[in-house]
Amino acid sequence: MNEANNWVEKSKKHLWLPFTQMKDYEENPLIIAEGEGVYLTDVHGKKYLDGYSSLWLNVHGHRKREIDEAIIEQLQKISHSTLLGATNIPATELAEKLVEITPENLTRVFYSDSGAEAVEIALKLAFQYWRNLGHSSKQKFVTTKNGYHGDTVGAISVGAVDIFHTVYHPLMFDSYKVSFPNAYRNEHSDLEDVKNECLLEIEQLFAEKHEEIAAFIIEGMIQGAGGMNVMPDGYLKGIEQLCKKYNILLIVDEVATGFGRTGKMFSVEHENVQPDLMTIAKGITGGYLPIAATMTSEKVYEAFYGDYTELKTFFHGHSYTGNQLGCAAALANLELYKKEDIINTVQNKADFIAEKLQSLQELEHVGDIRQLGLMVGVELVKDKETKEPFPWGDRVGYYATLKMRDLGMLSRPLGDVVVFMPPLATTFEELEQMITIMKQAIKETTEVLAT
Ligand code: PLP
């Protein structure tokens with residue numbers, strides 16, 4: 001057996017992969033050995049375009065010299081030490097930089113290791129904030145239908161993508177789930193009306209239940225894992241205003257949308273929203289190391305400040321919280337945003353792909369193309385007129401992305417929605433290549449399934 005096949009056999013024998021039916025993996029194994037720019041190479045030497053930024057987080061491509069060097073430099077000082085009640089230099093420097101680039105009201109940074117944990121922290125902080133202020137009845141969370149905030153128990157309790165959560169219902173706590181203004185799957189033709197109805201539903205809930213609601217949690221400007229559903233203009237702003245009116249904290253989850261993905265550094269900038277808490281992860285280190293953070297306003301921070309014996313302290317933290325290597329990578333990453341003017345380039349690339357993606361509309365089974373910045377979802381349907389989906393068992397999204405893999409590009413489906421979320425540094429030429437592959441794969445897959 002050659003070395004590559006040996007790796008494959010070992011992976012099949014011992015590994016258990018995230019969000020993966022291992023029977024699928026056994027049939028279609030993939031082991032990445034190397035990366036360079038927007039390309040990944042597997043153990044057999046086959047090259048793929050990284051069409052979903054290695055799970056939505058790669059920014060500058062793989063093996064970016066500046067980030068590699070920053071990590072090596074930090075390694076030569078210290079790689080890790082978490083001491084409770086102490087911190088380190090890169091974590092301190094990064095906190096200052098994060099406060100500079102996030103909305104003005106956010107002044108505090110609580111580190112963690114993943115997006116889901118940043119969400120857990122936001123939930124615990126919001127819950128304890130009210131308790132610390134003597135409003136213990138405010139314990140519940142409100143979230144949007146089809147929202148996604150990670151896979152830990154707290155995060156799934158405020159999540160609403162059924163397929164990920166159904167099995168775990170008995171483990172979860174209750175939260176209110178309000179309608180989302182979905183432009184494609186809505187009876188109404190006027191999106192403005194749909195948006196207003198959704199805001200009214202929230203207002204009615206708040207009016208009745210505000211004394212038991214701690215916080216509203218929502219993704220920034222676009223639902224990601226729920227199918228790439230873009231929020232209509234004014235919706236997030238409307239939620240911010242209602243939260244203020246009814247004394248409810250607003251948590252915006254920027255784990256997927258942060259760090260330029262939507263064409264602004266953070267998506268809240270599109271509507272000048274200032275959340276009380278904001279979660280960030282994924283692109284924070286350019287896609288290198290697992291750092292995440294929950295940012296809060298001074299108002300939230302102050303509610304936790306006081307004598308230890310008052311039990312106001314935030315009891316949370318993990319072994320790797322504020323890891324030096326991760327923070328050093330994040331600092332180098334943020335430098336690159338300035339040096340390479342990343343945000344402006346994203347805007348141009350977003351316009352470019354919007355035009356190129358139009359050609360997918362001519363395919364018989366492309367029902368909808370949704371895009372914000374470099375976040376794209378292509379929804380496949382059996383019948384374009386009626387928007388009838390393909391049967392569940394057809395797994396059209398899955399097979400379309402497998403076909404893309406054959407053709408030299410990696411992505412992942414969200415049900416029947418094919419995701420296109422390239423690294424922000426992808427060149428115009430590479431973007432065009434990726435769209436061509438996506439089109440070809442969708443065409444071939446849907447033609448077979450539709451017969
Ligand atoms: N929040 C949002 C909006 C996400 O899209 C994700 C992951 O995709 C998460 C939280 C969870 O992040 P992580 O996978 O780093 O735990």
# chains A, B, ... in the order shown; residues from 1 in each chain; ligands from 1
>>> closest_atom_pairs(of="segment 236-318 of chain A", to="segment 195-212 of chain A", cutoff="8 Å", atoms="only C-alpha atoms", output="JSON lines")
{"residue": "A:Gly238", "atom": "CA", "partner": "A:Leu199", "partner_atom": "CA", "distance": 6.9}
{"residue": "A:Ile239", "atom": "CA", "partner": "A:Leu199", "partner_atom": "CA", "distance": 7.0}
{"residue": "A:Leu242", "atom": "CA", "partner": "A:Glu203", "partner_atom": "CA", "distance": 6.6}
{"residue": "A:Tyr246", "atom": "CA", "partner": "A:His210", "partner_atom": "CA", "distance": 6.2}
{"residue": "A:Asn247", "atom": "CA", "partner": "A:His210", "partner_atom": "CA", "distance": 7.4}
{"residue": "A:Ile248", "atom": "CA", "partner": "A:His210", "partner_atom": "CA", "distance": 7.1}
>>> residues_around(residues="Phe420 of chain A", least_positions_apart="6", cutoff="6 Å", atoms="only C-alpha atoms", output="list of chain:residue names")
A:Gly51, A:Tyr52, A:Val376
>>> write_last_selection(atoms="C-alpha atoms", output="PDB file, in the first residue's frame")
ATOM      1  CA  GLY A  51     -14.060  27.408  -2.158  1.00  0.00           C
ATOM      2  CA  TYR A  52     -15.259  27.748   1.387  1.00  0.00           C
ATOM      3  CA  VAL A 376     -22.861  33.214  -1.177  1.00  0.00           C
TER       4      VAL A 376
END
>>> residues_near_ligand(ligand="ligand 1", cutoff="10 Å", atoms="only C-alpha atoms and all ligand atoms", output="count of residues only")
45
>>> closest_residue(among="A:Gln274, A:Lys439, A:Ser53, A:Pro181", to="Met404 of chain A", atoms="only C-alpha atoms")
A:Lys439
>>> select_by_dssp(residues="segment 29-179 of chain A", states="helix (DSSP H, G or I)", output="PyMOL selection string")
chain A and resi 53-56+65-75+89-101+115-132+153-157+162-171
>>> atom_distance(atom1="atom CA of Trp7 of chain A", atom2="atom CA of Phe19 of chain A")
20.9 Å
>>> atom_distance(atom1="atom CA of Ile67 of chain A", atom2="atom CA of Ile342 of chain A")
15.2 Å
>>> residues_around(residues="Ser411 of chain A", least_positions_apart="2", cutoff="12 Å", atoms="only C-alpha atoms", output="VMD selection string")
chain A and resid 40 48 to 56 376 to 378 397 to 409 413 to 414 417 to 423 434 to 435 437 to 438 441
>>> closest_residue(among="A:Gly85, A:Asp233, A:Val109, A:Ser175", to="Lys97 of chain A", atoms="only C-alpha atoms")
A:Val109
>>> select_by_dssp(residues="segment 40-76 of chain A", states="strand (DSSP E)", output="count of residues only")
7
>>> atom_distance(atom1="atom CA of Asn229 of chain A", atom2="atom CA of Lys145 of chain A")
11.1 Å
>>> closest_residue(among="A:His318, A:Lys138, A:Arg185, A:Lys245", to="Phe110 of chain A", atoms="only C-alpha atoms")
A:His318
>>> residues_around(residues="segment 270-272 of chain A", least_positions_apart="2", cutoff="12 Å", atoms="only C-alpha atoms", output="JSON, numbers by chain")
{"A": [102, 103, 104, 105, 220, 221, 222, 231, 232, 233, 234, 235, 236, 237, 238, 239, 240, 241, 257, 258, 260, 262, 263, 264, 265, 266, 267, 268, 274, 275, 372, 373]}
>>> residues_around(residues="segment 323-340 of chain A", least_positions_apart="2", cutoff="9 Å", atoms="only C-alpha atoms", output="VMD selection string")
chain A and resid 59 to 60 66 to 75 78 to 82 88 to 94 97 111 to 113 259 to 260 283 to 286 288 to 291 319 to 321 342 to 343 345
>>> closest_atom_pairs(of="segment 194-298 of chain A", to="segment 360-369 of chain A", cutoff="12 Å", atoms="only C-alpha atoms", output="tab-separated table")
residue	atom	partner	partner_atom	distance
A:Gly227	CA	A:Ile369	CA	10.6
A:Met228	CA	A:Ile369	CA	9.2
A:Asn229	CA	A:Ile369	CA	9.8
A:Val230	CA	A:Ile369	CA	10.5
>>> residues_around(residues="Phe428 of chain A", least_positions_apart="5", cutoff="9 Å", atoms="only C-alpha atoms", output="PyMOL selection string")
chain A and resi 349+352-353+433
